[in-house]
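Notes follow once the structure below has been shown.
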Amino acid sequence: MKVDVLLGMQWGDEGKGKIVDVLTPKYDIIARFQGGPNAGHTLEFDGQKFVLHTIPSGIFHSGKMNLVGNGVVIDPVIFQKEIDNLVAQNVPYTERLLISRKAHLILPTHRLLDAASEAAKGKDKIGSTLKGIGPTYMDKTGRNGLRIGDLEAPDFKDRYNALKEKHIQMLDRMDFAYDGLEEMEKVWMETAQNIRKIPFTDSEYYINNALKNGKRILAEGAQGSLLDIEFGSYPFVTSSNTICAGACTGLGIAPNKIGDVYGIFKAYCTRVGSGPFPTELEDEVGQKLRDIGHEYGATTGRPRRCGWLDMVALNYAVMLNGVTKLIMTKADVLSDFSNIEVCTSYSMDDKSTTELPFDHADPRIKTNYTAQPGWMTELNANEALPKELEDYIDFIEKETECPISIVSLGPDRTQTMVRDLQLA
């Protein structure tokens, strides 16, 4: 057996949560491998809407196990809020959820450090969600971090206090106030103890033993490929590896254990926060995309920047991840556009290129577009797609040399057109 991987191809918000929910019946285990509560995976079914930040998106399906892998960072306070929402829906989470002992903990002081760092950048801020993600990963690579398994240690409080003191010294040097820390700590300690109700596991053994026993596993990525710490639009990136390679280090599986790679992209592009966005539309067309697509961050609530589909960036993500199947979401949002533009190349100093430049924010980048006719009709998953949408799909498949296996026509799990994929 192999681990299939599901990834975002753009700057996040591609609709990964919904698609994982749709694919879950095909799998036994859904495993998150990176990121933390900066993710916001939205699911809609039975007339209700749910947003998950850390817990894998297969949690609502009975008989499925959901693993929070070692590459994830966890804030117990936010995690507890997710659990409370599951309890309200009578979801037996302790039967469906496991946490890796090697996953790192986000401390209250990590959040303060995140805020202090962003404030110090001024106009050059990167648009952090202020969830403490970056400082937590910094402590991880600096070999100072606390992990879920440390909660089981008899001297956990001593370990916590040692790291907190280090953070306070840093905050003092940055002249950043931390007056509310005591109350933050009180809530954090309570919720950290509550996490111990969920089974902890040595996830690398759990995953590999599951493969040996013929279990079907889907690795669920967070954020998007263009936010990868190595290959994203640096420095406007997240602090982890969001590409397929991150599934290996974030779960403890060998590269030869990777199976299908599902790449999810929107029929257009969006981005939250700062950073380069060559096809951004800062006009009434961009606002129309935002309004129809309800483009506001699931985690931050911030309005998303909107623009046309960027094939240079999409092809880059397909290449980096070894994508075998593409999934297009939000095709319904484009139903009100008679003309759709697609960026097929960049120009720099009058030279055309289909390669992503080293500096994606280079002001010399100009975008070159190909026009596609819109379909101007309401889409229904139980009916054939209009010819113009089929032509749009064919165009993207030829550009990427990759099949589009699923087309999402709305936020609900029933609003999904499966083209060439077995879901059971």
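Each chain in the structure tokens gets a letter, A, B, ..., in the order shown, and its residues are numbered from 1; ligands are numbered from 1 in order too.
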
Practice item. Name the residues of region 38-219 of chain A that come out as strand (DSSP E or B) in a backbone DSSP run; write them as a list in words. Key: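 Here is the list: His41, Thr42, Leu43, Glu44, Phe45, Gln48, Lys49, Phe50, Val51, Leu52, Met65, Asn66, Leu67, Val68, Val72, Val73, Ile74, Leu97, Leu98, Ile99, Ser100, His104, Leu105, Arg147, Phe200, Thr201, Ile217, Leu218 and Ala219 of chain A.
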
Store the residues picked out above, limited to C-alpha atoms, as a compact mmCIF listing (two decimals), in the first residue's frame.
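Result saved to result19.txt:
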```
# COMPACT_ATOMS: atom_id res chain seq x y z
CA HIS A 41 -10.42 23.79 6.38
CA THR A 42 -14.12 24.39 5.76
CA LEU A 43 -16.65 21.57 5.36
CA GLU A 44 -20.36 21.88 4.56
CA PHE A 45 -22.94 19.10 4.69
CA GLN A 48 -24.26 22.96 8.38
CA LYS A 49 -20.81 24.53 8.09
CA PHE A 50 -17.73 23.41 10.05
CA VAL A 51 -14.22 24.88 10.17
CA LEU A 52 -11.29 22.73 11.29
CA MET A 65 -9.04 7.26 12.05
CA ASN A 66 -7.62 10.78 11.97
CA LEU A 67 -3.98 11.39 12.84
CA VAL A 68 -2.34 14.70 13.77
CA VAL A 72 1.98 19.65 12.91
CA VAL A 73 2.18 22.32 15.64
CA ILE A 74 -0.67 22.39 18.17
CA LEU A 97 -8.43 10.83 16.66
CA LEU A 98 -4.75 10.21 17.44
CA ILE A 99 -1.94 12.72 18.08
CA SER A 100 1.74 12.16 17.40
CA HIS A 104 5.21 20.42 18.80
CA LEU A 105 3.24 22.60 21.20
CA ARG A 147 6.30 18.31 22.14
CA PHE A 200 -1.01 9.80 21.85
CA THR A 201 0.97 7.63 19.46
CA ILE A 217 -4.06 6.42 4.00
CA LEU A 218 -4.60 9.99 2.80
CA ALA A 219 -2.13 12.67 3.91
```

Exercise for review: Show which residues sit within 9 Å of Glu397 (chain A), as a list in words. Count only C-alpha atoms, and ignore same-chain residues fewer than 6 positions away.
Suggested key: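 Neighbouring residues, sequence-local ones excluded: Leu326, Pro403 and Ile404 of chain A.
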
**Study point:** Residue nearest Glu152 (chain A) - candidates A:Leu356, A:Ile195, A:Ile30, A:Ile19, atoms counted: only C-alpha atoms
**Key:**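 Closest residue, counting only C-alpha atoms: A:Ile195.
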
Region 278-350 of chain A residues near region 237-242 of chain A within 12 Å, closest pair each, using only C-alpha atoms, as a Markdown table:
```
| residue | atom | partner | partner_atom | distance |
| --- | --- | --- | --- | --- |
| A:Ala317 | CA | A:Thr242 | CA | 10.6 |
| A:Leu320 | CA | A:Thr242 | CA | 10.6 |
| A:Asn321 | CA | A:Thr242 | CA | 9.6 |
```

Check your understanding: Between A:Met376, A:Met184, A:Ile55, A:Met138, which one has atoms that come closest to Tyr93 (chain A), using only C-alpha atoms?
Key ->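 Nearest candidate to Tyr93 (chain A) out of A:Met376, A:Met184, A:Ile55, A:Met138: A:Ile55.
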
Point to revise | Minimum-distance residue to Cys343 (chain A), chosen among A:Gln415, A:Thr249, A:Thr370, A:Thr377 (using only C-alpha atoms) | key: A:Thr370

Sel. of helix (DSSP H, G or I) residues, region 129-374 of chain A, as an mmCIF file with C-alpha atoms, in the first residue's frame:
```cif
data_model
loop_
_atom_site.group_PDB
_atom_site.id
_atom_site.type_symbol
_atom_site.label_atom_id
_atom_site.label_comp_id
_atom_site.auth_asym_id
_atom_site.auth_seq_id
_atom_site.Cartn_x
_atom_site.Cartn_y
_atom_site.Cartn_z
ATOM 1 C CA ILE A 133 3.287 29.177 14.152
ATOM 2 C CA GLY A 134 6.594 30.739 13.084
ATOM 3 C CA PRO A 135 8.116 31.031 16.584
ATOM 4 C CA THR A 136 7.091 27.439 17.344
ATOM 5 C CA TYR A 137 8.828 26.107 14.246
ATOM 6 C CA MET A 138 11.840 28.280 15.123
ATOM 7 C CA ASP A 139 12.051 26.608 18.525
ATOM 8 C CA LYS A 140 11.680 23.236 16.824
ATOM 9 C CA THR A 141 14.633 23.830 14.495
ATOM 10 C CA ILE A 148 3.026 16.566 22.842
ATOM 11 C CA GLY A 149 4.950 13.666 24.396
ATOM 12 C CA ASP A 150 6.447 16.070 26.936
ATOM 13 C CA LEU A 151 2.980 16.411 28.493
ATOM 14 C CA GLU A 152 3.488 12.880 29.825
ATOM 15 C CA PHE A 156 6.776 18.972 32.201
ATOM 16 C CA LYS A 157 6.124 22.161 34.193
ATOM 17 C CA ASP A 158 9.876 22.703 34.623
ATOM 18 C CA ARG A 159 10.437 22.258 30.896
ATOM 19 C CA TYR A 160 7.598 24.670 30.179
ATOM 20 C CA ASN A 161 8.925 27.329 32.556
ATOM 21 C CA ALA A 162 12.439 27.116 31.111
ATOM 22 C CA LEU A 163 11.158 27.781 27.591
ATOM 23 C CA LYS A 164 8.778 30.490 28.795
ATOM 24 C CA GLU A 165 11.624 32.314 30.542
ATOM 25 C CA LYS A 166 13.650 32.281 27.337
ATOM 26 C CA HIS A 167 10.686 33.789 25.488
ATOM 27 C CA ILE A 168 10.158 36.497 28.126
ATOM 28 C CA GLN A 169 13.777 37.583 27.770
ATOM 29 C CA MET A 170 13.210 37.903 24.024
ATOM 30 C CA LEU A 171 10.003 39.903 24.529
ATOM 31 C CA ASP A 172 11.820 42.220 26.927
ATOM 32 C CA ARG A 173 14.519 42.862 24.334
ATOM 33 C CA LEU A 181 0.296 36.279 29.955
ATOM 34 C CA GLU A 182 -0.797 34.898 33.332
ATOM 35 C CA GLU A 183 -4.424 34.503 32.216
ATOM 36 C CA MET A 184 -3.327 33.056 28.878
ATOM 37 C CA GLU A 185 -1.214 30.493 30.724
ATOM 38 C CA LYS A 186 -4.062 29.466 33.009
ATOM 39 C CA VAL A 187 -6.325 28.592 30.060
ATOM 40 C CA TRP A 188 -3.433 26.972 28.187
ATOM 41 C CA MET A 189 -2.529 24.655 31.073
ATOM 42 C CA GLU A 190 -6.147 23.544 31.482
ATOM 43 C CA THR A 191 -6.569 22.746 27.805
ATOM 44 C CA ALA A 192 -3.130 21.095 27.588
ATOM 45 C CA GLN A 193 -4.257 18.633 30.256
ATOM 46 C CA ASN A 194 -7.506 18.018 28.361
ATOM 47 C CA ILE A 195 -5.509 16.976 25.297
ATOM 48 C CA SER A 203 2.990 8.115 14.628
ATOM 49 C CA GLU A 204 5.839 6.954 12.394
ATOM 50 C CA TYR A 205 5.309 3.375 13.625
ATOM 51 C CA TYR A 206 1.537 3.757 13.485
ATOM 52 C CA ILE A 207 1.575 4.892 9.835
ATOM 53 C CA ASN A 208 4.074 2.322 8.612
ATOM 54 C CA ASN A 209 2.384 -0.556 10.433
ATOM 55 C CA ALA A 210 -0.931 0.547 8.958
ATOM 56 C CA LEU A 211 0.601 0.397 5.468
ATOM 57 C CA LYS A 212 1.916 -3.110 6.129
ATOM 58 C CA SER A 225 2.437 24.946 -2.294
ATOM 59 C CA LEU A 226 3.229 28.602 -3.041
ATOM 60 C CA LEU A 227 3.573 29.167 0.720
ATOM 61 C CA ALA A 245 8.010 16.089 0.339
ATOM 62 C CA GLY A 246 6.644 17.479 3.619
ATOM 63 C CA ALA A 247 4.371 14.437 3.927
ATOM 64 C CA CYS A 248 7.449 12.224 4.260
ATOM 65 C CA THR A 249 9.045 14.243 7.063
ATOM 66 C CA GLY A 250 5.719 15.214 8.620
ATOM 67 C CA LEU A 251 4.531 11.630 9.010
ATOM 68 C CA PRO A 255 9.490 8.659 -0.475
ATOM 69 C CA ASN A 256 8.784 5.310 -2.150
ATOM 70 C CA LYS A 257 5.628 5.009 -0.039
ATOM 71 C CA GLU A 284 -14.393 45.733 -9.911
ATOM 72 C CA VAL A 285 -13.668 42.301 -11.449
ATOM 73 C CA GLY A 286 -11.570 41.331 -8.435
ATOM 74 C CA GLN A 287 -14.292 42.579 -6.105
ATOM 75 C CA LYS A 288 -16.891 40.600 -8.046
ATOM 76 C CA LEU A 289 -14.826 37.425 -7.600
ATOM 77 C CA ARG A 290 -14.530 38.181 -3.876
ATOM 78 C CA ASP A 291 -18.247 38.794 -3.444
ATOM 79 C CA ILE A 292 -19.496 35.794 -5.416
ATOM 80 C CA GLY A 293 -16.848 33.464 -3.976
ATOM 81 C CA MET A 311 -0.737 28.785 -15.117
ATOM 82 C CA VAL A 312 2.946 29.656 -14.544
ATOM 83 C CA ALA A 313 2.463 29.215 -10.804
ATOM 84 C CA LEU A 314 0.155 26.193 -11.200
ATOM 85 C CA ASN A 315 2.595 24.352 -13.457
ATOM 86 C CA TYR A 316 5.366 25.093 -10.957
ATOM 87 C CA ALA A 317 3.323 23.511 -8.154
ATOM 88 C CA VAL A 318 2.428 20.492 -10.298
ATOM 89 C CA MET A 319 6.131 19.963 -11.040
ATOM 90 C CA LEU A 320 7.286 20.304 -7.418
ATOM 91 C CA ASN A 321 4.694 17.892 -6.095
ATOM 92 C CA ALA A 331 -15.895 26.559 -10.864
ATOM 93 C CA ASP A 332 -19.347 27.869 -9.899
ATOM 94 C CA VAL A 333 -17.900 31.273 -8.965
ATOM 95 C CA LEU A 334 -16.932 31.916 -12.590
ATOM 96 C CA SER A 335 -20.491 31.234 -13.817
ATOM 97 C CA ASP A 336 -21.248 34.975 -13.840
#
```

Exercise for review: Using only C-alpha atoms, find the one residue out of A:Gly71, A:Gly17, A:Pro76, A:Gly142 that sits nearest to Arg196 (chain A).
Suggested key: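 Residue with the minimum atom-to-atom distance to Arg196 (chain A): A:Pro76.
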
Give me the residues of region 344-410 of chain A that have any atom at most 9 Å from an atom of region 303-310 of chain A; for each, the nearest atom pair and the distance in Å, rounded to one decimal. Use only C-alpha atoms, sort by chain and number, and format it as a tab-separated table.
```
residue	atom	partner	partner_atom	distance
A:Thr344	CA	A:Asp310	CA	6.7
A:Ser345	CA	A:Asp310	CA	8.3
A:Thr367	CA	A:Asp310	CA	8.8
```

Using only N, CA and C atoms, please write the residues we just selected to a file, as a short mmCIF file (atom, residue, chain, number, x, y, z; two decimals), in the first residue's frame.
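Contents of part-v3.cif, as written:
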```
data_model
loop_
_atom_site.label_atom_id
_atom_site.label_comp_id
_atom_site.auth_asym_id
_atom_site.auth_seq_id
_atom_site.Cartn_x
_atom_site.Cartn_y
_atom_site.Cartn_z
N THR A 344 -0.84 32.66 -18.98
CA THR A 344 -0.09 31.52 -19.51
C THR A 344 1.42 31.73 -19.54
N SER A 345 1.86 32.97 -19.34
CA SER A 345 3.30 33.22 -19.28
C SER A 345 3.54 34.58 -18.63
N THR A 367 2.23 40.01 -16.81
CA THR A 367 1.46 38.80 -17.06
C THR A 367 0.86 38.80 -18.45
#
```

Review point. Met417 (chain A): which residues within 6 Å, counting only C-alpha atoms, same-chain residues fewer than 4 positions away excluded, as a list in words?
Key: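 My reading of the contact set: Ala381, Ile406 and Val407 of chain A.
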
Point to revise | Non-local contacts of Leu6 (chain A) (10 Å; only C-alpha atoms; under 3 positions in same chain excluded) as a ChimeraX atom specification | key: /A:3,9,16,19-20,23,32,218-222,243-244,247,260-264,321,323,325-327

Practice item. Find, counting only C-alpha atoms, the residue in A:Glu401, A:Asp202, A:Glu341, A:Asp228 that gets nearest to Glu280 (chain A). Key: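 The answer is A:Glu341, which sits nearest to Glu280 (chain A).
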
**Study point:** Residue nearest Gly132 (chain A) among A:Thr54, A:Asn144, A:Thr109, A:Thr24 (counting only C-alpha atoms)
**Key:**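 With only C-alpha atoms as the atom set, the closest residue is A:Thr109.
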
Check your understanding: How far is it from CA of Val91 (chain A) to CA of Phe60 (chain A), in Å with one decimal?
Key ->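 Interatomic distance, CA of Val91 (chain A) to CA of Phe60 (chain A): 6.8 Å.
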